[in-house]
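For reference, data-v5.cif is printed below; it contains mmCIF, C-alpha atoms.
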```cif
data_start
#
loop_
_atom_site.group_PDB
_atom_site.id
_atom_site.type_symbol
_atom_site.label_atom_id
_atom_site.label_comp_id
_atom_site.auth_asym_id
_atom_site.auth_seq_id
_atom_site.Cartn_x
_atom_site.Cartn_y
_atom_site.Cartn_z
ATOM 1 C CA ASP A 26 -0.051 0.465 -6.005
ATOM 2 C CA ALA A 27 -0.074 -2.447 -3.611
ATOM 3 C CA LYS A 28 3.218 -3.771 -2.349
ATOM 4 C CA THR A 29 4.244 -7.424 -2.348
ATOM 5 C CA THR A 30 6.528 -9.444 -0.075
ATOM 6 C CA GLN A 31 8.380 -12.497 -1.351
ATOM 7 C CA PRO A 32 11.178 -14.646 0.069
ATOM 8 C CA THR A 33 14.565 -13.695 -1.300
ATOM 9 C CA SER A 34 15.441 -17.182 -2.452
ATOM 10 C CA MET A 35 14.169 -20.775 -2.557
ATOM 11 C CA ASP A 36 15.515 -24.141 -3.597
ATOM 12 C CA CYS A 37 13.596 -26.932 -5.288
ATOM 13 C CA ALA A 38 14.588 -30.411 -6.446
ATOM 14 C CA GLU A 39 14.212 -31.142 -10.130
ATOM 15 C CA GLY A 40 10.931 -32.918 -10.877
ATOM 16 C CA ARG A 41 9.274 -31.741 -7.670
ATOM 17 C CA ALA A 42 6.656 -29.033 -7.354
ATOM 18 C CA ALA A 43 7.922 -25.531 -6.636
ATOM 19 C CA ASN A 44 5.614 -23.443 -4.458
ATOM 20 C CA LEU A 45 6.442 -19.739 -4.435
ATOM 21 C CA PRO A 46 4.574 -17.612 -1.866
ATOM 22 C CA CYS A 47 3.662 -13.942 -2.089
ATOM 23 C CA ASN A 48 2.034 -11.634 0.432
ATOM 24 C CA HIS A 49 -0.005 -8.671 -0.798
ATOM 25 C CA SER A 50 -2.032 -7.623 2.220
ATOM 26 C CA THR A 51 -2.824 -4.121 0.874
ATOM 27 C CA ILE A 52 -4.252 -5.311 -2.449
ATOM 28 C CA SER A 53 -7.391 -3.454 -3.479
ATOM 29 C CA GLY A 54 -10.526 -5.077 -4.810
ATOM 30 C CA ASN A 55 -9.893 -4.409 -8.479
ATOM 31 C CA GLU A 56 -6.174 -5.214 -8.584
ATOM 32 C CA TYR A 57 -4.920 -8.358 -10.272
ATOM 33 C CA VAL A 58 -2.076 -10.606 -9.123
ATOM 34 C CA TYR A 59 0.544 -11.182 -11.836
ATOM 35 C CA TRP A 60 3.531 -13.474 -11.909
ATOM 36 C CA TYR A 61 6.507 -12.940 -14.186
ATOM 37 C CA ARG A 62 9.887 -14.586 -14.219
ATOM 38 C CA GLN A 63 13.278 -13.482 -15.460
ATOM 39 C CA ILE A 64 15.935 -15.924 -16.496
ATOM 40 C CA HIS A 65 19.422 -14.511 -16.201
ATOM 41 C CA SER A 66 20.119 -11.652 -18.639
ATOM 42 C CA GLN A 67 16.785 -12.035 -20.434
ATOM 43 C CA GLY A 68 13.634 -9.916 -20.412
ATOM 44 C CA PRO A 69 10.873 -10.865 -17.943
ATOM 45 C CA GLN A 70 8.426 -13.520 -19.121
ATOM 46 C CA TYR A 71 4.712 -13.500 -18.261
ATOM 47 C CA ILE A 72 3.571 -16.616 -16.412
ATOM 48 C CA ILE A 73 0.018 -16.180 -15.151
ATOM 49 C CA HIS A 74 -2.393 -13.730 -13.552
ATOM 50 C CA GLY A 75 -5.628 -13.841 -11.559
ATOM 51 C CA LEU A 76 -8.154 -11.713 -9.733
ATOM 52 C CA LYS A 77 -10.066 -13.888 -7.267
ATOM 53 C CA ASN A 78 -10.251 -17.424 -8.574
ATOM 54 C CA ASN A 79 -7.448 -19.928 -8.865
ATOM 55 C CA GLU A 80 -5.955 -20.081 -12.335
ATOM 56 C CA THR A 81 -4.013 -22.703 -14.280
ATOM 57 C CA ASN A 82 -2.242 -22.626 -17.618
ATOM 58 C CA GLU A 83 0.390 -24.695 -19.361
ATOM 59 C CA MET A 84 3.170 -23.165 -17.283
ATOM 60 C CA ALA A 85 1.827 -22.928 -13.747
ATOM 61 C CA SER A 86 -1.050 -22.675 -11.295
ATOM 62 C CA LEU A 87 -1.949 -19.642 -9.228
ATOM 63 C CA ILE A 88 -3.677 -20.090 -5.897
ATOM 64 C CA ILE A 89 -5.155 -16.910 -4.363
ATOM 65 C CA THR A 90 -6.448 -16.979 -0.796
ATOM 66 C CA GLU A 91 -10.076 -16.095 -0.199
ATOM 67 C CA ASP A 92 -9.168 -12.758 1.428
ATOM 68 C CA ARG A 93 -6.772 -12.101 -1.512
ATOM 69 C CA LYS A 94 -4.006 -11.085 0.881
ATOM 70 C CA SER A 95 -1.628 -13.757 -0.347
ATOM 71 C CA SER A 96 -1.054 -16.102 -3.257
ATOM 72 C CA THR A 97 1.114 -19.046 -4.274
ATOM 73 C CA LEU A 98 2.587 -19.798 -7.674
ATOM 74 C CA ILE A 99 2.971 -23.511 -8.296
ATOM 75 C CA LEU A 100 5.301 -24.994 -10.902
ATOM 76 C CA PRO A 101 4.101 -28.605 -10.876
ATOM 77 C CA HIS A 102 7.276 -30.325 -12.091
ATOM 78 C CA ALA A 103 10.253 -27.995 -11.847
ATOM 79 C CA THR A 104 13.101 -28.389 -14.318
ATOM 80 C CA LEU A 105 16.568 -26.853 -14.381
ATOM 81 C CA ARG A 106 15.283 -24.372 -16.964
ATOM 82 C CA ASP A 107 12.870 -22.991 -14.356
ATOM 83 C CA THR A 108 15.791 -21.506 -12.417
ATOM 84 C CA ALA A 109 15.006 -17.786 -12.491
ATOM 85 C CA VAL A 110 13.889 -14.775 -10.472
ATOM 86 C CA TYR A 111 10.119 -14.892 -9.980
ATOM 87 C CA TYR A 112 8.243 -11.629 -9.494
ATOM 88 C CA CYS A 113 4.821 -11.326 -7.875
ATOM 89 C CA ILE A 114 3.134 -8.059 -8.899
ATOM 90 C CA VAL A 115 -0.236 -6.565 -8.070
ATOM 91 C CA GLY A 116 -1.944 -3.849 -10.067
ATOM 92 C CA GLY A 117 -2.812 -3.321 -13.716
ATOM 93 C CA TYR A 118 -6.471 -2.748 -13.052
ATOM 94 C CA GLY A 119 -6.909 -0.461 -15.974
ATOM 95 C CA GLY A 120 -7.233 3.251 -16.304
ATOM 96 C CA ALA A 121 -4.544 5.181 -18.106
ATOM 97 C CA THR A 122 -1.697 2.737 -17.641
ATOM 98 C CA ASN A 123 -1.034 -0.924 -16.985
ATOM 99 C CA LYS A 124 2.458 -0.332 -15.604
ATOM 100 C CA LEU A 125 4.050 -3.111 -13.589
ATOM 101 C CA ILE A 126 5.706 -2.364 -10.237
ATOM 102 C CA PHE A 127 8.432 -4.952 -9.723
ATOM 103 C CA GLY A 128 9.957 -5.802 -6.360
ATOM 104 C CA THR A 129 13.163 -7.790 -5.938
ATOM 105 C CA GLY A 130 11.454 -11.146 -6.482
ATOM 106 C CA THR A 131 12.352 -14.690 -5.408
ATOM 107 C CA LEU A 132 15.388 -16.414 -6.867
ATOM 108 C CA LEU A 133 14.299 -20.012 -7.434
ATOM 109 C CA ALA A 134 17.191 -22.422 -7.804
ATOM 110 C CA VAL A 135 16.181 -25.825 -9.170
ATOM 111 C CA GLN A 136 18.708 -28.429 -8.088
ATOM 112 C CA PRO A 137 19.487 -31.616 -10.062
ATOM 113 C CA ASP B 29 5.842 -14.627 -35.049
ATOM 114 C CA ALA B 30 8.494 -12.121 -34.042
ATOM 115 C CA GLY B 31 8.487 -11.059 -30.432
ATOM 116 C CA VAL B 32 9.426 -7.644 -29.109
ATOM 117 C CA THR B 33 12.704 -6.548 -30.629
ATOM 118 C CA GLN B 34 15.134 -3.989 -29.266
ATOM 119 C CA SER B 35 18.215 -2.365 -30.677
ATOM 120 C CA PRO B 36 21.050 -2.164 -30.072
ATOM 121 C CA THR B 37 21.705 -5.141 -27.785
ATOM 122 C CA HIS B 38 24.702 -3.523 -26.131
ATOM 123 C CA LEU B 39 25.926 0.051 -26.009
ATOM 124 C CA ILE B 40 28.852 1.810 -24.380
ATOM 125 C CA LYS B 41 28.747 5.577 -23.873
ATOM 126 C CA THR B 42 30.646 8.132 -21.836
ATOM 127 C CA ARG B 43 29.274 10.557 -19.281
ATOM 128 C CA GLY B 44 27.492 13.542 -20.781
ATOM 129 C CA GLN B 45 26.641 11.824 -24.049
ATOM 130 C CA HIS B 46 23.181 11.156 -25.406
ATOM 131 C CA VAL B 47 21.687 7.763 -26.280
ATOM 132 C CA THR B 48 18.673 6.540 -28.281
ATOM 133 C CA LEU B 49 17.249 3.081 -27.735
ATOM 134 C CA ARG B 50 14.702 1.525 -30.078
ATOM 135 C CA CYS B 51 11.868 -0.925 -29.648
ATOM 136 C CA SER B 52 9.518 -2.667 -32.062
ATOM 137 C CA PRO B 53 6.423 -4.176 -30.423
ATOM 138 C CA ILE B 54 4.711 -7.385 -31.376
ATOM 139 C CA SER B 55 2.631 -6.906 -34.508
ATOM 140 C CA GLY B 56 -0.788 -5.552 -33.564
ATOM 141 C CA HIS B 57 0.263 -4.328 -30.136
ATOM 142 C CA LYS B 58 -0.467 -0.655 -29.605
ATOM 143 C CA SER B 59 1.059 -0.102 -26.184
ATOM 144 C CA VAL B 60 4.778 0.137 -25.437
ATOM 145 C CA SER B 61 6.361 0.535 -22.015
ATOM 146 C CA TRP B 62 9.967 1.172 -21.025
ATOM 147 C CA TYR B 63 11.674 -0.131 -17.886
ATOM 148 C CA GLN B 64 15.144 0.331 -16.397
ATOM 149 C CA GLN B 65 16.783 -2.534 -14.532
ATOM 150 C CA VAL B 66 19.969 -1.914 -12.607
ATOM 151 C CA LEU B 67 22.017 -4.854 -11.432
ATOM 152 C CA GLY B 68 20.436 -6.773 -8.576
ATOM 153 C CA GLN B 69 17.078 -4.998 -8.708
ATOM 154 C CA GLY B 70 13.744 -5.535 -10.385
ATOM 155 C CA PRO B 71 12.785 -3.472 -13.437
ATOM 156 C CA GLN B 72 11.573 0.082 -12.758
ATOM 157 C CA PHE B 73 8.853 1.679 -14.863
ATOM 158 C CA ILE B 74 9.951 4.673 -16.957
ATOM 159 C CA PHE B 75 7.245 5.398 -19.557
ATOM 160 C CA GLN B 76 4.182 3.948 -21.198
ATOM 161 C CA TYR B 77 2.825 4.976 -24.587
ATOM 162 C CA TYR B 78 -0.469 3.958 -26.128
ATOM 163 C CA GLU B 79 -1.641 5.050 -29.543
ATOM 164 C CA LYS B 80 1.285 7.496 -29.689
ATOM 165 C CA GLU B 81 0.276 9.274 -26.483
ATOM 166 C CA GLU B 82 2.121 9.164 -23.173
ATOM 167 C CA ARG B 83 -0.069 7.330 -20.668
ATOM 168 C CA GLY B 84 2.281 7.005 -17.731
ATOM 169 C CA ARG B 85 5.604 8.263 -16.463
ATOM 170 C CA GLY B 86 7.725 6.874 -13.651
ATOM 171 C CA ASN B 87 9.969 8.752 -11.253
ATOM 172 C CA PHE B 88 12.760 9.564 -13.673
ATOM 173 C CA PRO B 89 14.378 12.956 -14.430
ATOM 174 C CA ASP B 90 13.588 15.022 -17.499
ATOM 175 C CA ARG B 91 16.775 13.722 -19.117
ATOM 176 C CA PHE B 92 14.654 10.709 -20.019
ATOM 177 C CA SER B 93 12.172 11.099 -22.846
ATOM 178 C CA ALA B 94 10.376 8.816 -25.249
ATOM 179 C CA ARG B 95 8.038 8.800 -28.176
ATOM 180 C CA GLN B 96 5.922 6.350 -30.138
ATOM 181 C CA PHE B 97 5.635 6.366 -33.897
ATOM 182 C CA PRO B 98 2.594 5.719 -36.139
ATOM 183 C CA ASN B 99 3.733 2.104 -36.627
ATOM 184 C CA TYR B 100 3.747 1.770 -32.775
ATOM 185 C CA SER B 101 7.509 1.389 -32.529
ATOM 186 C CA SER B 102 9.144 3.511 -29.871
ATOM 187 C CA GLU B 103 12.339 5.313 -28.954
ATOM 188 C CA LEU B 104 13.748 6.037 -25.510
ATOM 189 C CA ASN B 105 16.155 8.953 -25.322
ATOM 190 C CA VAL B 106 18.472 9.725 -22.443
ATOM 191 C CA ASN B 107 20.450 12.973 -22.396
ATOM 192 C CA ALA B 108 23.498 13.966 -20.351
ATOM 193 C CA LEU B 109 24.293 10.400 -19.375
ATOM 194 C CA LEU B 110 25.417 9.682 -15.828
ATOM 195 C CA LEU B 111 27.279 6.659 -14.517
ATOM 196 C CA GLY B 112 24.077 5.677 -12.701
ATOM 197 C CA ASP B 113 22.235 5.308 -15.995
ATOM 198 C CA SER B 114 24.158 2.093 -16.629
ATOM 199 C CA ALA B 115 21.463 -0.568 -16.717
ATOM 200 C CA LEU B 116 19.453 -3.004 -18.792
ATOM 201 C CA TYR B 117 16.687 -1.097 -20.581
ATOM 202 C CA LEU B 118 13.635 -3.208 -21.283
ATOM 203 C CA CYS B 119 10.763 -2.595 -23.638
ATOM 204 C CA ALA B 120 7.392 -4.301 -23.190
ATOM 205 C CA SER B 121 4.381 -4.346 -25.463
ATOM 206 C CA SER B 122 0.747 -5.178 -24.899
ATOM 207 C CA PHE B 123 -2.296 -5.241 -27.138
ATOM 208 C CA VAL B 124 -4.497 -2.653 -25.532
ATOM 209 C CA LEU B 125 -5.019 -0.892 -22.270
ATOM 210 C CA ARG B 126 -8.131 -2.341 -20.741
ATOM 211 C CA THR B 127 -9.553 -3.067 -17.374
ATOM 212 C CA GLY B 128 -7.264 -5.565 -15.740
ATOM 213 C CA GLY B 129 -5.421 -8.601 -16.959
ATOM 214 C CA ASN B 130 -2.971 -7.048 -19.370
ATOM 215 C CA GLU B 131 -0.253 -9.492 -20.276
ATOM 216 C CA GLN B 132 2.918 -7.676 -21.242
ATOM 217 C CA PHE B 133 5.599 -9.108 -23.506
ATOM 218 C CA PHE B 134 9.171 -8.040 -22.882
ATOM 219 C CA GLY B 135 12.037 -7.710 -25.299
ATOM 220 C CA PRO B 136 15.572 -8.951 -24.560
ATOM 221 C CA GLY B 137 16.700 -5.497 -23.490
ATOM 222 C CA THR B 138 19.524 -3.114 -24.334
ATOM 223 C CA ARG B 139 22.519 -3.240 -22.024
ATOM 224 C CA LEU B 140 23.809 0.336 -21.595
ATOM 225 C CA THR B 141 27.182 0.944 -19.993
ATOM 226 C CA VAL B 142 28.184 4.519 -19.160
ATOM 227 C CA LEU B 143 31.893 5.091 -18.549
#
```
Spell out the structure here as structure tokens.
Amino acid sequence: DAKTTQPTSMDCAEGRAANLPCNHSTISGNEYVYWYRQIHSQGPQYIIHGLKNNETNEMASLIITEDRKSSTLILPHATLRDTAVYYCIVGGYGGATNKLIFGTGTLLAVQP
Amino acid sequence: DAGVTQSPTHLIKTRGQHVTLRCSPISGHKSVSWYQQVLGQGPQFIFQYYEKEERGRGNFPDRFSARQFPNYSSELNVNALLLGDSALYLCASSFVLRTGGNEQFFGPGTRLTVL
């Protein structure tokens, strides 16, 4: 399973866009990029995933570089409720299991 | 619609005891996974079950076991508890195992404290 590298922590002002980077230089061709977040003491929450193309849903946008070695999660208008640990995960390409390999993630602190 | 439910929410045990944690997946989901999250770390994969068969196992000792029932609910059992087993135990469900793009839904977790 490919490894990911994320900054330990980031700050963002409320109402501004939060851009969370992730490096996954060893990603293989059939591995997806997933983003989950975990608000304190709760279970992780799925945000978005992608393979090659940029993706957008009601929560966020995912920008994947052309070589797929890095990606950025964008929260367009961060609110205080977006304060959480954000995990970038690669894998889940099928086969016998779709297990998720979590790293330590990025603690995003949204400031008022 | 009900999300993934787990019981109990909190549990206190002593070393050497046995514990059973329970998980009910989202209706229609056939796959259940278990994760352990110790304080300050990301969740670690323990088991995955699909259609009542074990499909994946993480790097955990044989003291950890699990099973999935015909209604797709699942139990995680831990024997001979150690202090290091203190953690948040998370259950996640997904609809099917298929090529890529499996969104997993997590429950609120069971907080286990071993004294």
Where does the PyMOL selection byres ((chain B) within 9 of (chain A)) land in this file, that is, which residues does it pick, as a PyMOL selection string? chain B and resi 61+68-73+75-78+83-84+116+118-120+125-137
Atoms kept (C-alpha atoms) for selection, written as a PDB file, in the frame of the given file:
```
ATOM      1  CA  SER B  61       6.361   0.535 -22.015  1.00  0.00           C
ATOM      2  CA  GLY B  68      20.436  -6.773  -8.576  1.00  0.00           C
ATOM      3  CA  GLN B  69      17.078  -4.998  -8.708  1.00  0.00           C
ATOM      4  CA  GLY B  70      13.744  -5.535 -10.385  1.00  0.00           C
ATOM      5  CA  PRO B  71      12.785  -3.472 -13.437  1.00  0.00           C
ATOM      6  CA  GLN B  72      11.573   0.082 -12.758  1.00  0.00           C
ATOM      7  CA  PHE B  73       8.853   1.679 -14.863  1.00  0.00           C
ATOM      8  CA  PHE B  75       7.245   5.398 -19.557  1.00  0.00           C
ATOM      9  CA  GLN B  76       4.182   3.948 -21.198  1.00  0.00           C
ATOM     10  CA  TYR B  77       2.825   4.976 -24.587  1.00  0.00           C
ATOM     11  CA  TYR B  78      -0.469   3.958 -26.128  1.00  0.00           C
ATOM     12  CA  ARG B  83      -0.069   7.330 -20.668  1.00  0.00           C
ATOM     13  CA  GLY B  84       2.281   7.005 -17.731  1.00  0.00           C
ATOM     14  CA  LEU B 116      19.453  -3.004 -18.792  1.00  0.00           C
ATOM     15  CA  LEU B 118      13.635  -3.208 -21.283  1.00  0.00           C
ATOM     16  CA  CYS B 119      10.763  -2.595 -23.638  1.00  0.00           C
ATOM     17  CA  ALA B 120       7.392  -4.301 -23.190  1.00  0.00           C
ATOM     18  CA  LEU B 125      -5.019  -0.892 -22.270  1.00  0.00           C
ATOM     19  CA  ARG B 126      -8.131  -2.341 -20.741  1.00  0.00           C
ATOM     20  CA  THR B 127      -9.553  -3.067 -17.374  1.00  0.00           C
ATOM     21  CA  GLY B 128      -7.264  -5.565 -15.740  1.00  0.00           C
ATOM     22  CA  GLY B 129      -5.421  -8.601 -16.959  1.00  0.00           C
ATOM     23  CA  ASN B 130      -2.971  -7.048 -19.370  1.00  0.00           C
ATOM     24  CA  GLU B 131      -0.253  -9.492 -20.276  1.00  0.00           C
ATOM     25  CA  GLN B 132       2.918  -7.676 -21.242  1.00  0.00           C
ATOM     26  CA  PHE B 133       5.599  -9.108 -23.506  1.00  0.00           C
ATOM     27  CA  PHE B 134       9.171  -8.040 -22.882  1.00  0.00           C
ATOM     28  CA  GLY B 135      12.037  -7.710 -25.299  1.00  0.00           C
ATOM     29  CA  PRO B 136      15.572  -8.951 -24.560  1.00  0.00           C
ATOM     30  CA  GLY B 137      16.700  -5.497 -23.490  1.00  0.00           C
TER      31      GLY B 137
END
```
For Thr33 of chain B, work out the shell of residues within 7 Å, counting all atoms listed in the file and skipping chain neighbours fewer than 6 positions away, then give it as a PyMOL selection string. chain B and resi 51-53+135
Separation of atom CA of Phe92 of chain B and atom CA of Pro36 of chain B, in Å? 17.5 Å
Long-range neighbours of Val47 of chain B as a PDB file with C-alpha atoms, keeping the file's coordinate frame, 8 Å cut-off, only C-alpha atoms, 5 positions minimum in chain:
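Result went into out_30.pdb, see below:
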```pdb
ATOM      1  CA  LYS B  41      28.747   5.577 -23.873  1.00  0.00           C
ATOM      2  CA  ASN B 105      16.155   8.953 -25.322  1.00  0.00           C
ATOM      3  CA  VAL B 106      18.472   9.725 -22.443  1.00  0.00           C
ATOM      4  CA  ASN B 107      20.450  12.973 -22.396  1.00  0.00           C
ATOM      5  CA  LEU B 109      24.293  10.400 -19.375  1.00  0.00           C
TER       6      LEU B 109
END
```
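Contact shell of Tyr117 of chain B at 9 Å (all atoms listed in the file; same-chain neighbours under 2 positions omitted): Leu49, Trp62, Tyr63, Gln64, Gln65, Val66, Pro71, Ala115, Cys119, Pro136, Gly137, Thr138, Arg139 and Leu140 of chain B.
For the residues B:Val32, B:Glu103, B:Leu110, B:Ser122, ranking by smallest atom-to-atom distance to Pro89 of chain B using all atoms listed in the file places B:Leu110 first.
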What would the selection look like, as a short mmCIF file (atom, residue, chain, number, x, y, z; two decimals) with C-alpha atoms, keeping the file's coordinate frame, if the PyMOL selection byres ((chain A and resi 28-41) around 9) were run on the coordinates I just shared?
```cif
data_model
loop_
_atom_site.label_atom_id
_atom_site.label_comp_id
_atom_site.auth_asym_id
_atom_site.auth_seq_id
_atom_site.Cartn_x
_atom_site.Cartn_y
_atom_site.Cartn_z
CA ASP A 26 -0.05 0.46 -6.00
CA ALA A 27 -0.07 -2.45 -3.61
CA ALA A 42 6.66 -29.03 -7.35
CA ALA A 43 7.92 -25.53 -6.64
CA ASN A 44 5.61 -23.44 -4.46
CA LEU A 45 6.44 -19.74 -4.43
CA PRO A 46 4.57 -17.61 -1.87
CA CYS A 47 3.66 -13.94 -2.09
CA ASN A 48 2.03 -11.63 0.43
CA HIS A 49 0.00 -8.67 -0.80
CA SER A 50 -2.03 -7.62 2.22
CA THR A 51 -2.82 -4.12 0.87
CA ILE A 52 -4.25 -5.31 -2.45
CA SER A 95 -1.63 -13.76 -0.35
CA LEU A 100 5.30 -24.99 -10.90
CA PRO A 101 4.10 -28.60 -10.88
CA HIS A 102 7.28 -30.32 -12.09
CA ALA A 103 10.25 -28.00 -11.85
CA THR A 104 13.10 -28.39 -14.32
CA LEU A 105 16.57 -26.85 -14.38
CA VAL A 110 13.89 -14.78 -10.47
CA TYR A 112 8.24 -11.63 -9.49
CA CYS A 113 4.82 -11.33 -7.88
CA ILE A 114 3.13 -8.06 -8.90
CA VAL A 115 -0.24 -6.56 -8.07
CA ILE A 126 5.71 -2.36 -10.24
CA PHE A 127 8.43 -4.95 -9.72
CA GLY A 128 9.96 -5.80 -6.36
CA THR A 129 13.16 -7.79 -5.94
CA GLY A 130 11.45 -11.15 -6.48
CA THR A 131 12.35 -14.69 -5.41
CA LEU A 132 15.39 -16.41 -6.87
CA LEU A 133 14.30 -20.01 -7.43
CA ALA A 134 17.19 -22.42 -7.80
CA VAL A 135 16.18 -25.82 -9.17
CA GLN A 136 18.71 -28.43 -8.09
CA PRO A 137 19.49 -31.62 -10.06
#
```
Ser102 of chain B: which residues within 8 Å, counting all atoms listed in the file, same-chain residues fewer than 3 positions away excluded, as a ChimeraX atom specification? /B:50-52,60,94-97
Repaired coordinates for segment 79-94 of chain B (N, CA, C and O atoms) as a PDB file, keeping the file's coordinate frame:
```pdb
ATOM      1  N   GLU B  79      -1.137   4.287 -28.408  1.00  0.00           N
ATOM      2  CA  GLU B  79      -1.641   5.050 -29.543  1.00  0.00           C
ATOM      3  C   GLU B  79      -0.929   6.397 -29.660  1.00  0.00           C
ATOM      4  O   GLU B  79      -1.550   7.439 -29.863  1.00  0.00           O
ATOM      5  N   LYS B  80       0.374   6.364 -29.489  1.00  0.00           N
ATOM      6  CA  LYS B  80       1.285   7.496 -29.689  1.00  0.00           C
ATOM      7  C   LYS B  80       1.162   8.566 -28.614  1.00  0.00           C
ATOM      8  O   LYS B  80       1.784   9.621 -28.711  1.00  0.00           O
ATOM      9  N   GLU B  81       0.398   8.308 -27.575  1.00  0.00           N
ATOM     10  CA  GLU B  81       0.276   9.274 -26.483  1.00  0.00           C
ATOM     11  C   GLU B  81       0.912   8.711 -25.209  1.00  0.00           C
ATOM     12  O   GLU B  81       0.786   7.515 -24.926  1.00  0.00           O
ATOM     13  N   GLU B  82       1.560   9.582 -24.442  1.00  0.00           N
ATOM     14  CA  GLU B  82       2.121   9.164 -23.173  1.00  0.00           C
ATOM     15  C   GLU B  82       0.987   8.898 -22.194  1.00  0.00           C
ATOM     16  O   GLU B  82       0.148   9.758 -21.957  1.00  0.00           O
ATOM     17  N   ARG B  83       0.984   7.703 -21.598  1.00  0.00           N
ATOM     18  CA  ARG B  83      -0.069   7.330 -20.668  1.00  0.00           C
ATOM     19  C   ARG B  83       0.438   7.186 -19.244  1.00  0.00           C
ATOM     20  O   ARG B  83      -0.360   7.079 -18.309  1.00  0.00           O
ATOM     21  N   GLY B  84       1.741   7.136 -19.082  1.00  0.00           N
ATOM     22  CA  GLY B  84       2.281   7.005 -17.731  1.00  0.00           C
ATOM     23  C   GLY B  84       3.755   7.340 -17.734  1.00  0.00           C
ATOM     24  O   GLY B  84       4.456   7.138 -18.729  1.00  0.00           O
ATOM     25  N   ARG B  85       4.196   7.890 -16.608  1.00  0.00           N
ATOM     26  CA  ARG B  85       5.604   8.263 -16.463  1.00  0.00           C
ATOM     27  C   ARG B  85       6.034   7.888 -15.064  1.00  0.00           C
ATOM     28  O   ARG B  85       5.351   8.204 -14.083  1.00  0.00           O
ATOM     29  N   GLY B  86       7.173   7.226 -14.954  1.00  0.00           N
ATOM     30  CA  GLY B  86       7.725   6.874 -13.651  1.00  0.00           C
ATOM     31  C   GLY B  86       8.550   8.003 -13.073  1.00  0.00           C
ATOM     32  O   GLY B  86       8.638   9.090 -13.639  1.00  0.00           O
ATOM     33  N   ASN B  87       9.196   7.737 -11.959  1.00  0.00           N
ATOM     34  CA  ASN B  87       9.969   8.752 -11.253  1.00  0.00           C
ATOM     35  C   ASN B  87      11.379   8.843 -11.819  1.00  0.00           C
ATOM     36  O   ASN B  87      12.353   8.400 -11.208  1.00  0.00           O
ATOM     37  N   PHE B  88      11.479   9.396 -13.006  1.00  0.00           N
ATOM     38  CA  PHE B  88      12.760   9.564 -13.673  1.00  0.00           C
ATOM     39  C   PHE B  88      12.920  11.034 -14.062  1.00  0.00           C
ATOM     40  O   PHE B  88      11.942  11.714 -14.338  1.00  0.00           O
ATOM     41  N   PRO B  89      14.166  11.531 -14.104  1.00  0.00           N
ATOM     42  CA  PRO B  89      14.378  12.956 -14.430  1.00  0.00           C
ATOM     43  C   PRO B  89      14.031  13.258 -15.881  1.00  0.00           C
ATOM     44  O   PRO B  89      13.857  12.361 -16.716  1.00  0.00           O
ATOM     45  N   ASP B  90      13.968  14.557 -16.161  1.00  0.00           N
ATOM     46  CA  ASP B  90      13.588  15.022 -17.499  1.00  0.00           C
ATOM     47  C   ASP B  90      14.624  14.662 -18.564  1.00  0.00           C
ATOM     48  O   ASP B  90      14.355  14.836 -19.762  1.00  0.00           O
ATOM     49  N   ARG B  91      15.779  14.176 -18.135  1.00  0.00           N
ATOM     50  CA  ARG B  91      16.775  13.722 -19.117  1.00  0.00           C
ATOM     51  C   ARG B  91      16.249  12.522 -19.918  1.00  0.00           C
ATOM     52  O   ARG B  91      16.757  12.217 -20.989  1.00  0.00           O
ATOM     53  N   PHE B  92      15.266  11.858 -19.360  1.00  0.00           N
ATOM     54  CA  PHE B  92      14.654  10.709 -20.019  1.00  0.00           C
ATOM     55  C   PHE B  92      13.416  11.168 -20.785  1.00  0.00           C
ATOM     56  O   PHE B  92      12.559  11.863 -20.233  1.00  0.00           O
ATOM     57  N   SER B  93      13.349  10.779 -22.046  1.00  0.00           N
ATOM     58  CA  SER B  93      12.172  11.099 -22.846  1.00  0.00           C
ATOM     59  C   SER B  93      11.907   9.948 -23.805  1.00  0.00           C
ATOM     60  O   SER B  93      12.781   9.108 -24.030  1.00  0.00           O
ATOM     61  N   ALA B  94      10.725   9.895 -24.340  1.00  0.00           N
ATOM     62  CA  ALA B  94      10.376   8.816 -25.249  1.00  0.00           C
ATOM     63  C   ALA B  94       9.317   9.300 -26.222  1.00  0.00           C
ATOM     64  O   ALA B  94       8.707  10.360 -26.038  1.00  0.00           O
TER      65      ALA B  94
END
```
